[in-house]
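Visitor: Next up is a structure, given as structure tokens.
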Amino acid sequence: MATKRDYYEVLGVARTVTSEELKRAYRKLAVKFHPDKNPGDHTAEEKFKELGEAYDVLMDENKRAAYDRHGHAAFAQGGGGARGGGGGFHDPFDLFREVFGASGGAGGAGGGGAGGIFEQFFGGGAGGGAQRPDRDGKQRGADLRYDMQIQLDEAAFGCDKEIEVSKLEACPSCSGSGAEAGSRAVVCPGCAGRGQVVSSRGFFQVSQTCPRCRGTGHVVEKPCRKCAGDGRVETPTRIKLKIPAGIEDGSRLRSSRNGEAGLRGGPPGDLYVVIHIKEHEVFEREGENLFCEVPVSFTTAALGGEVRVPTLEGKAHLKIPAGTQGGTAFKLRGKGMPVLNSSQRGDLVVHVAVEVPTRLNSEQRKKLEEFAELTGDDNTPLHKSFFEKAKAFFE
């Protein structure tokens, strides 16, 4: 008998996966291996069932906890039955309908039930939150994403950026109408003006957006030669952006109406710019605070003194008290990152790294040996404290 695969492996996720990440992983794979997309493929059908079983367990808090403790043995007595059977699993088709939000029984014909699922995922509709065309054929353009990398100081003080994005813009020849001058719109012959076409896939009857008119019910007699009737052409566009001071890594900026142009004069989508901050050579950031490590000489740590410390604005001076130990942290208030949309600033935390000389000449060695004899154990509080705590280990 074949050994069952690990449920996390089946869904391609880590054991720390969240419910939202789990749902996204299942959606992607369930669409890929659904029997309706793979007619006659027994392997795809088995994988679809396997996905449903894994998802059913991992999305249920109690089942997942039991699986994490005991693996497949946790359900050895539960069987692989349908819904409701003493810890058994959901039917994979029922799970699919639950996840994708469909109603009605499997195999329901016509416009209800699972039709909306297949219309979205198996070729119809816009999917991904895109809007359907209105009665005039207008449709909002798609949103776009742009990943931008900036320096830490740019994130700290804000900056102006200009990016170039290649996106669909309204065709200049037809002004976005998709039609040659003098041409008119006629009823789409592919769907007879309904905007939807019906096709049979196995035991499903699927209603999906007409690929010829894209759901508008009309097509132009003479499509524009420049855009082939789409009403849009790909154009490199330069966009100016303002990066606010204090922005954090992973933040998303929205540039309204700078996404792709809509269809047939529909409104454009938006551009979302995701910010990635480059790793800094000196500073580490945690929220509004900055951290850095500054080397301090052995003599300065012992005798006290002043050292220079880097900040985002330049250099600052830090007083080091006599007897400072390695790893001691000093806080420079207000020298960290600005708080987004606020006049406040975080702090700069400086950790001291005491440097020990690596090479000594004979005279230096002699002086240090004399120092060690003079000091003894009376002036080494950390040494004494440690060995006092650990003396039991040396007896």
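Labels for the structure tokens follow display order: chains A, B, ..., residues from 1 in each chain, ligands from 1.
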Fewer than 3 positions away in the same chain doesn't count, so skip those; otherwise give me all residues within 10 Å of A:Lys4, counting only C-alpha atoms, as a list in words.
Guide: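 The residues that qualify are Met1, Tyr7, Val10, Glu50 and His72 of chain A.
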Visitor: Next, the residues of the selection above should be written as an mmCIF file, in the first residue's frame with C-alpha atoms.
Guide:
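That gives us selection-v2.cif:
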```cif
data_model
loop_
_atom_site.group_PDB
_atom_site.id
_atom_site.type_symbol
_atom_site.label_atom_id
_atom_site.label_comp_id
_atom_site.auth_asym_id
_atom_site.auth_seq_id
_atom_site.Cartn_x
_atom_site.Cartn_y
_atom_site.Cartn_z
ATOM 1 C CA MET A 1 0.000 0.000 0.000
ATOM 2 C CA TYR A 7 -0.073 17.165 3.955
ATOM 3 C CA VAL A 10 1.054 18.099 -0.777
ATOM 4 C CA GLU A 50 -5.200 14.508 -2.258
ATOM 5 C CA HIS A 72 -1.641 10.409 9.478
#
```
Visitor: Could you list, with a cut-off of 8 Å and counting only C-alpha atoms, the residues of stretch 266-351 of chain A near stretch 141-157 of chain A, each shown with its nearest atom pair and the distance in Å rounded to one decimal, rows sorted by chain and ascending number, as a tab-separated table?
Guide:
```
residue	atom	partner	partner_atom	distance
A:Gly266	CA	A:Gly141	CA	6.9
A:Pro267	CA	A:Gly141	CA	6.3
A:Pro268	CA	A:Gly141	CA	4.6
A:Gly269	CA	A:Gly141	CA	4.5
A:Asp270	CA	A:Asp143	CA	4.7
A:Leu271	CA	A:Leu144	CA	4.7
A:Tyr272	CA	A:Arg145	CA	4.8
A:Val273	CA	A:Tyr146	CA	4.7
A:Val274	CA	A:Asp147	CA	4.8
A:Ile275	CA	A:Met148	CA	5.2
A:His276	CA	A:Gln149	CA	4.6
A:Ile277	CA	A:Ile150	CA	5.1
A:Lys278	CA	A:Gln151	CA	5.4
A:Glu279	CA	A:Leu152	CA	7.5
A:His280	CA	A:Leu152	CA	6.6
A:Leu312	CA	A:Asp153	CA	6.6
A:Met337	CA	A:Ala156	CA	5.6
A:Pro338	CA	A:Ala156	CA	6.2
```
Visitor: Do a neighbour search on A:Cys292 at 7 Å with only C-alpha atoms, toss out local chain neighbours closer than 5 positions, and write the hits as a ChimeraX atom specification.
Guide: /A:282-284,349-351
Visitor: Hey, can you spit out that residue selection with all heavy atoms as a JSON list (two decimals), in the first residue's frame?
Guide:
```
[["chain", "number", "residue", "atom", "x", "y", "z"],
["A", 282, "VAL", "N", 26.25, 50.08, 8.03],
["A", 282, "VAL", "CA", 26.54, 50.44, 9.42],
["A", 282, "VAL", "C", 25.34, 50.22, 10.34],
["A", 282, "VAL", "O", 25.48, 49.66, 11.42],
["A", 282, "VAL", "CB", 27.00, 51.92, 9.51],
["A", 282, "VAL", "CG1", 27.19, 52.34, 10.97],
["A", 282, "VAL", "CG2", 28.30, 52.12, 8.74],
["A", 283, "PHE", "N", 24.16, 50.64, 9.89],
["A", 283, "PHE", "CA", 22.99, 50.65, 10.75],
["A", 283, "PHE", "C", 22.07, 49.46, 10.49],
["A", 283, "PHE", "O", 21.92, 49.01, 9.35],
["A", 283, "PHE", "CB", 22.18, 51.94, 10.56],
["A", 283, "PHE", "CG", 22.96, 53.19, 10.85],
["A", 283, "PHE", "CD1", 23.27, 54.08, 9.83],
["A", 283, "PHE", "CD2", 23.39, 53.48, 12.13],
["A", 283, "PHE", "CE1", 23.98, 55.23, 10.08],
["A", 283, "PHE", "CE2", 24.10, 54.64, 12.39],
["A", 283, "PHE", "CZ", 24.41, 55.52, 11.36],
["A", 284, "GLU", "N", 21.45, 48.99, 11.57],
["A", 284, "GLU", "CA", 20.34, 48.05, 11.47],
["A", 284, "GLU", "C", 19.10, 48.74, 12.01],
["A", 284, "GLU", "O", 19.17, 49.48, 12.99],
["A", 284, "GLU", "CB", 20.63, 46.78, 12.29],
["A", 284, "GLU", "CG", 21.71, 45.90, 11.69],
["A", 284, "GLU", "CD", 21.86, 44.59, 12.44],
["A", 284, "GLU", "OE1", 20.99, 44.32, 13.30],
["A", 284, "GLU", "OE2", 22.83, 43.88, 12.18],
["A", 349, "VAL", "N", 20.83, 53.41, 19.00],
["A", 349, "VAL", "CA", 21.42, 52.64, 20.09],
["A", 349, "VAL", "C", 22.81, 52.17, 19.65],
["A", 349, "VAL", "O", 22.95, 51.46, 18.66],
["A", 349, "VAL", "CB", 20.54, 51.43, 20.46],
["A", 349, "VAL", "CG1", 21.17, 50.64, 21.59],
["A", 349, "VAL", "CG2", 19.14, 51.90, 20.85],
["A", 350, "VAL", "N", 23.82, 52.60, 20.41],
["A", 350, "VAL", "CA", 25.21, 52.30, 20.07],
["A", 350, "VAL", "C", 25.74, 51.23, 21.02],
["A", 350, "VAL", "O", 25.72, 51.41, 22.25],
["A", 350, "VAL", "CB", 26.09, 53.56, 20.17],
["A", 350, "VAL", "CG1", 27.54, 53.22, 19.85],
["A", 350, "VAL", "CG2", 25.57, 54.64, 19.23],
["A", 351, "HIS", "N", 26.17, 50.11, 20.46],
["A", 351, "HIS", "CA", 26.78, 49.04, 21.26],
["A", 351, "HIS", "C", 28.30, 49.17, 21.15],
["A", 351, "HIS", "O", 28.86, 49.28, 20.06],
["A", 351, "HIS", "CB", 26.34, 47.67, 20.76],
["A", 351, "HIS", "CG", 24.90, 47.38, 21.04],
["A", 351, "HIS", "ND1", 24.48, 46.82, 22.23],
["A", 351, "HIS", "CD2", 23.79, 47.59, 20.30],
["A", 351, "HIS", "CE1", 23.17, 46.69, 22.21],
["A", 351, "HIS", "NE2", 22.72, 47.15, 21.05]]
```
Visitor: From a DSSP pass on the backbone, collect the residues of stretch 180-275 of chain A flagged as strand (DSSP E or B) and hand them back as a PDB file with N, CA and C atoms, in the first residue's frame.
Guide:
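Listing of result24.pdb after writing:
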```pdb
ATOM      1  N   ALA A 185     -20.252  50.088 -33.867  1.00  0.00           N
ATOM      2  CA  ALA A 185     -20.347  48.850 -33.108  1.00  0.00           C
ATOM      3  C   ALA A 185     -21.558  48.049 -33.564  1.00  0.00           C
ATOM      4  N   VAL A 186     -21.380  46.723 -33.696  1.00  0.00           N
ATOM      5  CA  VAL A 186     -22.477  45.833 -34.084  1.00  0.00           C
ATOM      6  C   VAL A 186     -22.591  44.715 -33.050  1.00  0.00           C
ATOM      7  N   VAL A 187     -23.728  44.012 -33.084  1.00  0.00           N
ATOM      8  CA  VAL A 187     -23.948  42.907 -32.150  1.00  0.00           C
ATOM      9  C   VAL A 187     -22.908  41.822 -32.400  1.00  0.00           C
ATOM     10  N   GLN A 196     -22.076  36.424 -23.022  1.00  0.00           N
ATOM     11  CA  GLN A 196     -21.720  35.153 -22.415  1.00  0.00           C
ATOM     12  C   GLN A 196     -21.889  34.028 -23.438  1.00  0.00           C
ATOM     13  N   VAL A 197     -21.023  33.029 -23.347  1.00  0.00           N
ATOM     14  CA  VAL A 197     -21.160  31.833 -24.170  1.00  0.00           C
ATOM     15  C   VAL A 197     -21.195  30.624 -23.237  1.00  0.00           C
ATOM     16  N   VAL A 198     -21.896  29.582 -23.648  1.00  0.00           N
ATOM     17  CA  VAL A 198     -22.053  28.388 -22.833  1.00  0.00           C
ATOM     18  C   VAL A 198     -21.335  27.227 -23.503  1.00  0.00           C
ATOM     19  N   SER A 199     -20.557  26.504 -22.715  1.00  0.00           N
ATOM     20  CA  SER A 199     -19.862  25.334 -23.243  1.00  0.00           C
ATOM     21  C   SER A 199     -19.987  24.200 -22.239  1.00  0.00           C
ATOM     22  N   SER A 200     -19.906  22.975 -22.719  1.00  0.00           N
ATOM     23  CA  SER A 200     -20.013  21.801 -21.862  1.00  0.00           C
ATOM     24  C   SER A 200     -18.632  21.252 -21.585  1.00  0.00           C
ATOM     25  N   ARG A 201     -18.371  20.979 -20.294  1.00  0.00           N
ATOM     26  CA  ARG A 201     -17.087  20.399 -19.885  1.00  0.00           C
ATOM     27  C   ARG A 201     -17.380  19.249 -18.943  1.00  0.00           C
ATOM     28  N   PHE A 204     -20.337  19.308 -16.443  1.00  0.00           N
ATOM     29  CA  PHE A 204     -20.664  20.698 -16.152  1.00  0.00           C
ATOM     30  C   PHE A 204     -21.063  21.426 -17.434  1.00  0.00           C
ATOM     31  N   GLN A 205     -22.004  22.341 -17.283  1.00  0.00           N
ATOM     32  CA  GLN A 205     -22.319  23.273 -18.361  1.00  0.00           C
ATOM     33  C   GLN A 205     -21.859  24.637 -17.880  1.00  0.00           C
ATOM     34  N   VAL A 206     -20.887  25.202 -18.559  1.00  0.00           N
ATOM     35  CA  VAL A 206     -20.197  26.388 -18.058  1.00  0.00           C
ATOM     36  C   VAL A 206     -20.553  27.607 -18.886  1.00  0.00           C
ATOM     37  N   SER A 207     -20.959  28.651 -18.178  1.00  0.00           N
ATOM     38  CA  SER A 207     -21.206  29.943 -18.813  1.00  0.00           C
ATOM     39  C   SER A 207     -20.003  30.824 -18.556  1.00  0.00           C
ATOM     40  N   GLN A 208     -19.420  31.374 -19.616  1.00  0.00           N
ATOM     41  CA  GLN A 208     -18.226  32.198 -19.447  1.00  0.00           C
ATOM     42  C   GLN A 208     -18.290  33.412 -20.356  1.00  0.00           C
ATOM     43  N   THR A 209     -17.459  34.393 -20.030  1.00  0.00           N
ATOM     44  CA  THR A 209     -17.436  35.628 -20.813  1.00  0.00           C
ATOM     45  C   THR A 209     -17.035  35.345 -22.255  1.00  0.00           C
ATOM     46  N   HIS A 218     -20.968  43.534 -27.964  1.00  0.00           N
ATOM     47  CA  HIS A 218     -20.801  44.251 -29.231  1.00  0.00           C
ATOM     48  C   HIS A 218     -19.337  44.206 -29.674  1.00  0.00           C
ATOM     49  N   VAL A 219     -19.136  44.258 -30.978  1.00  0.00           N
ATOM     50  CA  VAL A 219     -17.805  44.365 -31.566  1.00  0.00           C
ATOM     51  C   VAL A 219     -17.840  45.461 -32.615  1.00  0.00           C
ATOM     52  N   VAL A 220     -16.666  46.005 -32.914  1.00  0.00           N
ATOM     53  CA  VAL A 220     -16.616  47.063 -33.932  1.00  0.00           C
ATOM     54  C   VAL A 220     -16.469  46.443 -35.309  1.00  0.00           C
ATOM     55  N   PRO A 223     -11.863  47.116 -36.773  1.00  0.00           N
ATOM     56  CA  PRO A 223     -10.974  47.390 -35.646  1.00  0.00           C
ATOM     57  C   PRO A 223      -9.842  48.352 -36.027  1.00  0.00           C
ATOM     58  N   ARG A 232      -6.096  49.932 -26.717  1.00  0.00           N
ATOM     59  CA  ARG A 232      -4.940  50.258 -25.883  1.00  0.00           C
ATOM     60  C   ARG A 232      -3.666  49.745 -26.535  1.00  0.00           C
ATOM     61  N   VAL A 233      -2.584  50.452 -26.302  1.00  0.00           N
ATOM     62  CA  VAL A 233      -1.275  50.025 -26.808  1.00  0.00           C
ATOM     63  C   VAL A 233      -0.272  50.133 -25.658  1.00  0.00           C
ATOM     64  N   GLU A 234       0.711  49.248 -25.660  1.00  0.00           N
ATOM     65  CA  GLU A 234       1.729  49.267 -24.606  1.00  0.00           C
ATOM     66  C   GLU A 234       2.668  50.435 -24.815  1.00  0.00           C
ATOM     67  N   THR A 235       2.821  51.237 -23.773  1.00  0.00           N
ATOM     68  CA  THR A 235       3.591  52.476 -23.882  1.00  0.00           C
ATOM     69  C   THR A 235       4.472  52.645 -22.647  1.00  0.00           C
ATOM     70  N   PRO A 236       5.760  52.973 -22.821  1.00  0.00           N
ATOM     71  CA  PRO A 236       6.597  53.294 -21.659  1.00  0.00           C
ATOM     72  C   PRO A 236       6.192  54.648 -21.087  1.00  0.00           C
ATOM     73  N   THR A 237       5.930  54.686 -19.794  1.00  0.00           N
ATOM     74  CA  THR A 237       5.428  55.900 -19.152  1.00  0.00           C
ATOM     75  C   THR A 237       6.281  56.240 -17.950  1.00  0.00           C
ATOM     76  N   ARG A 238       6.673  57.493 -17.828  1.00  0.00           N
ATOM     77  CA  ARG A 238       7.455  57.945 -16.677  1.00  0.00           C
ATOM     78  C   ARG A 238       6.509  58.530 -15.632  1.00  0.00           C
ATOM     79  N   ILE A 239       6.698  58.087 -14.383  1.00  0.00           N
ATOM     80  CA  ILE A 239       5.804  58.477 -13.297  1.00  0.00           C
ATOM     81  C   ILE A 239       6.641  59.005 -12.140  1.00  0.00           C
ATOM     82  N   LYS A 240       6.259  60.153 -11.594  1.00  0.00           N
ATOM     83  CA  LYS A 240       6.965  60.740 -10.457  1.00  0.00           C
ATOM     84  C   LYS A 240       6.293  60.301  -9.157  1.00  0.00           C
ATOM     85  N   LEU A 241       7.125  59.958  -8.174  1.00  0.00           N
ATOM     86  CA  LEU A 241       6.632  59.494  -6.888  1.00  0.00           C
ATOM     87  C   LEU A 241       7.308  60.255  -5.760  1.00  0.00           C
ATOM     88  N   LYS A 242       6.585  60.455  -4.686  1.00  0.00           N
ATOM     89  CA  LYS A 242       7.149  61.089  -3.497  1.00  0.00           C
ATOM     90  C   LYS A 242       7.225  60.041  -2.402  1.00  0.00           C
ATOM     91  N   ILE A 243       8.437  59.750  -1.949  1.00  0.00           N
ATOM     92  CA  ILE A 243       8.639  58.773  -0.884  1.00  0.00           C
ATOM     93  C   ILE A 243       8.612  59.503   0.456  1.00  0.00           C
ATOM     94  N   ARG A 252       3.605  49.839   0.952  1.00  0.00           N
ATOM     95  CA  ARG A 252       3.043  49.921  -0.390  1.00  0.00           C
ATOM     96  C   ARG A 252       2.460  51.307  -0.618  1.00  0.00           C
ATOM     97  N   LEU A 253       2.931  51.981  -1.657  1.00  0.00           N
ATOM     98  CA  LEU A 253       2.419  53.299  -2.020  1.00  0.00           C
ATOM     99  C   LEU A 253       1.452  53.163  -3.187  1.00  0.00           C
ATOM    100  N   ARG A 254       0.347  53.876  -3.134  1.00  0.00           N
ATOM    101  CA  ARG A 254      -0.643  53.826  -4.206  1.00  0.00           C
ATOM    102  C   ARG A 254      -0.570  55.094  -5.040  1.00  0.00           C
ATOM    103  N   SER A 255      -0.338  54.903  -6.335  1.00  0.00           N
ATOM    104  CA  SER A 255      -0.348  56.016  -7.274  1.00  0.00           C
ATOM    105  C   SER A 255      -1.641  55.913  -8.075  1.00  0.00           C
ATOM    106  N   LEU A 263     -10.764  49.617 -20.675  1.00  0.00           N
ATOM    107  CA  LEU A 263     -11.263  49.258 -21.998  1.00  0.00           C
ATOM    108  C   LEU A 263     -12.395  50.185 -22.410  1.00  0.00           C
ATOM    109  N   LEU A 271      -1.523  52.190  -9.676  1.00  0.00           N
ATOM    110  CA  LEU A 271      -0.178  51.631  -9.599  1.00  0.00           C
ATOM    111  C   LEU A 271       0.198  51.515  -8.131  1.00  0.00           C
ATOM    112  N   TYR A 272       0.613  50.320  -7.722  1.00  0.00           N
ATOM    113  CA  TYR A 272       1.057  50.098  -6.348  1.00  0.00           C
ATOM    114  C   TYR A 272       2.565  49.878  -6.348  1.00  0.00           C
ATOM    115  N   VAL A 273       3.276  50.726  -5.621  1.00  0.00           N
ATOM    116  CA  VAL A 273       4.735  50.664  -5.547  1.00  0.00           C
ATOM    117  C   VAL A 273       5.128  50.065  -4.198  1.00  0.00           C
ATOM    118  N   VAL A 274       5.805  48.919  -4.244  1.00  0.00           N
ATOM    119  CA  VAL A 274       6.236  48.240  -3.022  1.00  0.00           C
ATOM    120  C   VAL A 274       7.691  48.645  -2.742  1.00  0.00           C
ATOM    121  N   ILE A 275       7.930  49.138  -1.539  1.00  0.00           N
ATOM    122  CA  ILE A 275       9.236  49.681  -1.170  1.00  0.00           C
ATOM    123  C   ILE A 275      10.109  48.597  -0.526  1.00  0.00           C
TER     124      ILE A 275
END
```
Visitor: If we count only C-alpha atoms, what is near A:Ser177 at a cut-off of 10 Å, once residues fewer than 4 positions away on the same chain are taken out, given as a JSON list (two decimals) with N, CA and C atoms, in the first residue's frame?
Guide:
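Final output, part.json:
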```json
[["chain", "number", "residue", "atom", "x", "y", "z"],
["A", 137, "GLY", "N", -19.64, 48.83, -22.56],
["A", 137, "GLY", "CA", -18.39, 48.13, -22.85],
["A", 137, "GLY", "C", -17.20, 48.69, -22.10],
["A", 138, "LYS", "N", -17.42, 49.69, -21.24],
["A", 138, "LYS", "CA", -16.31, 50.28, -20.50],
["A", 138, "LYS", "C", -15.92, 49.36, -19.34],
["A", 170, "ALA", "N", -4.32, 54.33, -23.50],
["A", 170, "ALA", "CA", -5.33, 54.50, -24.54],
["A", 170, "ALA", "C", -4.66, 54.72, -25.89],
["A", 171, "CYS", "N", -5.12, 54.00, -26.89],
["A", 171, "CYS", "CA", -4.55, 54.10, -28.23],
["A", 171, "CYS", "C", -4.75, 55.50, -28.78],
["A", 172, "PRO", "N", -3.68, 56.17, -29.23],
["A", 172, "PRO", "CA", -3.82, 57.53, -29.75],
["A", 172, "PRO", "C", -4.56, 57.60, -31.08],
["A", 173, "SER", "N", -4.58, 56.49, -31.83],
["A", 173, "SER", "CA", -5.24, 56.51, -33.14],
["A", 173, "SER", "C", -6.75, 56.49, -33.04],
["A", 181, "ALA", "N", -11.87, 55.15, -37.73],
["A", 181, "ALA", "CA", -12.76, 56.29, -37.92],
["A", 181, "ALA", "C", -13.92, 55.91, -38.85],
["A", 185, "ALA", "N", -20.25, 50.09, -33.87],
["A", 185, "ALA", "CA", -20.35, 48.85, -33.11],
["A", 185, "ALA", "C", -21.56, 48.05, -33.56],
["A", 220, "VAL", "N", -16.67, 46.01, -32.91],
["A", 220, "VAL", "CA", -16.62, 47.06, -33.93],
["A", 220, "VAL", "C", -16.47, 46.44, -35.31],
["A", 223, "PRO", "N", -11.86, 47.12, -36.77],
["A", 223, "PRO", "CA", -10.97, 47.39, -35.65],
["A", 223, "PRO", "C", -9.84, 48.35, -36.03],
["A", 224, "CYS", "N", -9.43, 49.14, -35.08],
["A", 224, "CYS", "CA", -8.31, 50.07, -35.28],
["A", 224, "CYS", "C", -7.06, 49.28, -35.65],
["A", 227, "CYS", "N", -4.11, 49.30, -32.76],
["A", 227, "CYS", "CA", -4.28, 48.53, -31.51],
["A", 227, "CYS", "C", -5.05, 47.24, -31.74],
["A", 229, "GLY", "N", -8.07, 46.76, -32.35],
["A", 229, "GLY", "CA", -9.39, 46.77, -31.74],
["A", 229, "GLY", "C", -9.40, 46.76, -30.23],
["A", 230, "ASP", "N", -8.25, 46.65, -29.60],
["A", 230, "ASP", "CA", -8.21, 46.60, -28.14],
["A", 230, "ASP", "C", -8.45, 47.96, -27.51],
["A", 231, "GLY", "N", -8.10, 49.02, -28.25],
["A", 231, "GLY", "CA", -8.27, 50.37, -27.72],
["A", 231, "GLY", "C", -7.11, 50.81, -26.87],
["A", 232, "ARG", "N", -6.10, 49.93, -26.72],
["A", 232, "ARG", "CA", -4.94, 50.26, -25.88],
["A", 232, "ARG", "C", -3.67, 49.75, -26.54],
["A", 263, "LEU", "N", -10.76, 49.62, -20.67],
["A", 263, "LEU", "CA", -11.26, 49.26, -22.00],
["A", 263, "LEU", "C", -12.39, 50.18, -22.41],
["A", 264, "ARG", "N", -12.40, 50.56, -23.67],
["A", 264, "ARG", "CA", -13.47, 51.39, -24.25],
["A", 264, "ARG", "C", -13.70, 52.66, -23.45],
["A", 265, "GLY", "N", -12.62, 53.26, -23.00],
["A", 265, "GLY", "CA", -12.74, 54.52, -22.26],
["A", 265, "GLY", "C", -13.02, 54.36, -20.79],
["A", 266, "GLY", "N", -12.91, 53.13, -20.28],
["A", 266, "GLY", "CA", -13.11, 52.92, -18.85],
["A", 266, "GLY", "C", -12.00, 53.56, -18.04]]
```
Visitor: So what do you get for atom CA of A:Glu46 versus atom CA of A:His34, distance-wise?
Guide: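 Separation between atom CA of A:Glu46 and atom CA of A:His34: 9.6 Å.
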Visitor: As an exercise, work out the distance from atom CA of A:Leu360 to atom CA of A:Glu373 in Å and give it to one decimal place.
Guide: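 Pair atom CA of A:Leu360 / atom CA of A:Glu373 returns 17.5 Å.
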Visitor: Would you compute the distance between atom CA of A:Arg24 and atom CA of A:Pro211? Give it in Å to one decimal.
Guide: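 Separation between atom CA of A:Arg24 and atom CA of A:Pro211: 26.6 Å.
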Visitor: From the DSSP assignment of the backbone, select every residue of stretch 219-305 of chain A that is helix (DSSP H, G or I), and format the answer as a list in words.
Guide: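 Filtering stretch 219-305 of chain A to helix (DSSP H, G or I) leaves Phe298, Thr299, Thr300, Ala301, Ala302 and Leu303 of chain A.
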Visitor: Go ahead and save the residues from that selection, with all heavy atoms, as an mmCIF file, in the first residue's frame.
Guide:
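Saved file again.cif follows:
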```cif
data_model
loop_
_atom_site.group_PDB
_atom_site.id
_atom_site.type_symbol
_atom_site.label_atom_id
_atom_site.label_comp_id
_atom_site.auth_asym_id
_atom_site.auth_seq_id
_atom_site.Cartn_x
_atom_site.Cartn_y
_atom_site.Cartn_z
ATOM 1 N N PHE A 298 40.879 49.563 23.954
ATOM 2 C CA PHE A 298 40.967 49.014 25.303
ATOM 3 C C PHE A 298 41.257 50.119 26.316
ATOM 4 O O PHE A 298 40.669 50.166 27.396
ATOM 5 C CB PHE A 298 42.075 47.949 25.322
ATOM 6 C CG PHE A 298 42.473 47.503 26.688
ATOM 7 C CD1 PHE A 298 41.669 46.657 27.418
ATOM 8 C CD2 PHE A 298 43.672 47.924 27.250
ATOM 9 C CE1 PHE A 298 42.036 46.242 28.686
ATOM 10 C CE2 PHE A 298 44.049 47.520 28.507
ATOM 11 C CZ PHE A 298 43.233 46.668 29.231
ATOM 12 N N THR A 299 42.146 51.019 25.945
ATOM 13 C CA THR A 299 42.520 52.084 26.889
ATOM 14 C C THR A 299 41.367 53.069 27.098
ATOM 15 O O THR A 299 41.148 53.540 28.213
ATOM 16 C CB THR A 299 43.760 52.832 26.366
ATOM 17 O OG1 THR A 299 43.519 53.262 25.014
ATOM 18 C CG2 THR A 299 44.979 51.930 26.396
ATOM 19 N N THR A 300 40.622 53.396 26.023
ATOM 20 C CA THR A 300 39.495 54.316 26.167
ATOM 21 C C THR A 300 38.408 53.697 27.034
ATOM 22 O O THR A 300 37.802 54.372 27.882
ATOM 23 C CB THR A 300 38.907 54.676 24.791
ATOM 24 O OG1 THR A 300 39.920 55.274 23.984
ATOM 25 C CG2 THR A 300 37.741 55.635 24.928
ATOM 26 N N ALA A 301 38.155 52.398 26.841
ATOM 27 C CA ALA A 301 37.152 51.729 27.665
ATOM 28 C C ALA A 301 37.570 51.713 29.122
ATOM 29 O O ALA A 301 36.735 51.858 30.025
ATOM 30 C CB ALA A 301 36.934 50.305 27.152
ATOM 31 N N ALA A 302 38.877 51.555 29.375
ATOM 32 C CA ALA A 302 39.360 51.479 30.752
ATOM 33 C C ALA A 302 39.445 52.855 31.402
ATOM 34 O O ALA A 302 39.046 53.036 32.567
ATOM 35 C CB ALA A 302 40.727 50.805 30.777
ATOM 36 N N LEU A 303 39.961 53.836 30.661
ATOM 37 C CA LEU A 303 40.210 55.159 31.230
ATOM 38 C C LEU A 303 39.075 56.145 30.997
ATOM 39 O O LEU A 303 39.005 57.179 31.677
ATOM 40 C CB LEU A 303 41.497 55.735 30.630
ATOM 41 C CG LEU A 303 42.757 54.890 30.834
ATOM 42 C CD1 LEU A 303 43.927 55.510 30.071
ATOM 43 C CD2 LEU A 303 43.083 54.770 32.318
#
```
Visitor: Which residue out of A:Ala179, A:Cys191, A:Ala316, A:Ala353 has the minimum interatomic distance to A:Ala329 when only C-alpha atoms are used?
Guide: A:Ala353
Visitor: Quick one: of A:Leu368, A:Ala192, A:Leu374, A:Leu51, who's nearest to A:Gly215, counting only C-alpha atoms?
Guide: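 The shortest atom-to-atom distance to A:Gly215 comes from A:Ala192.
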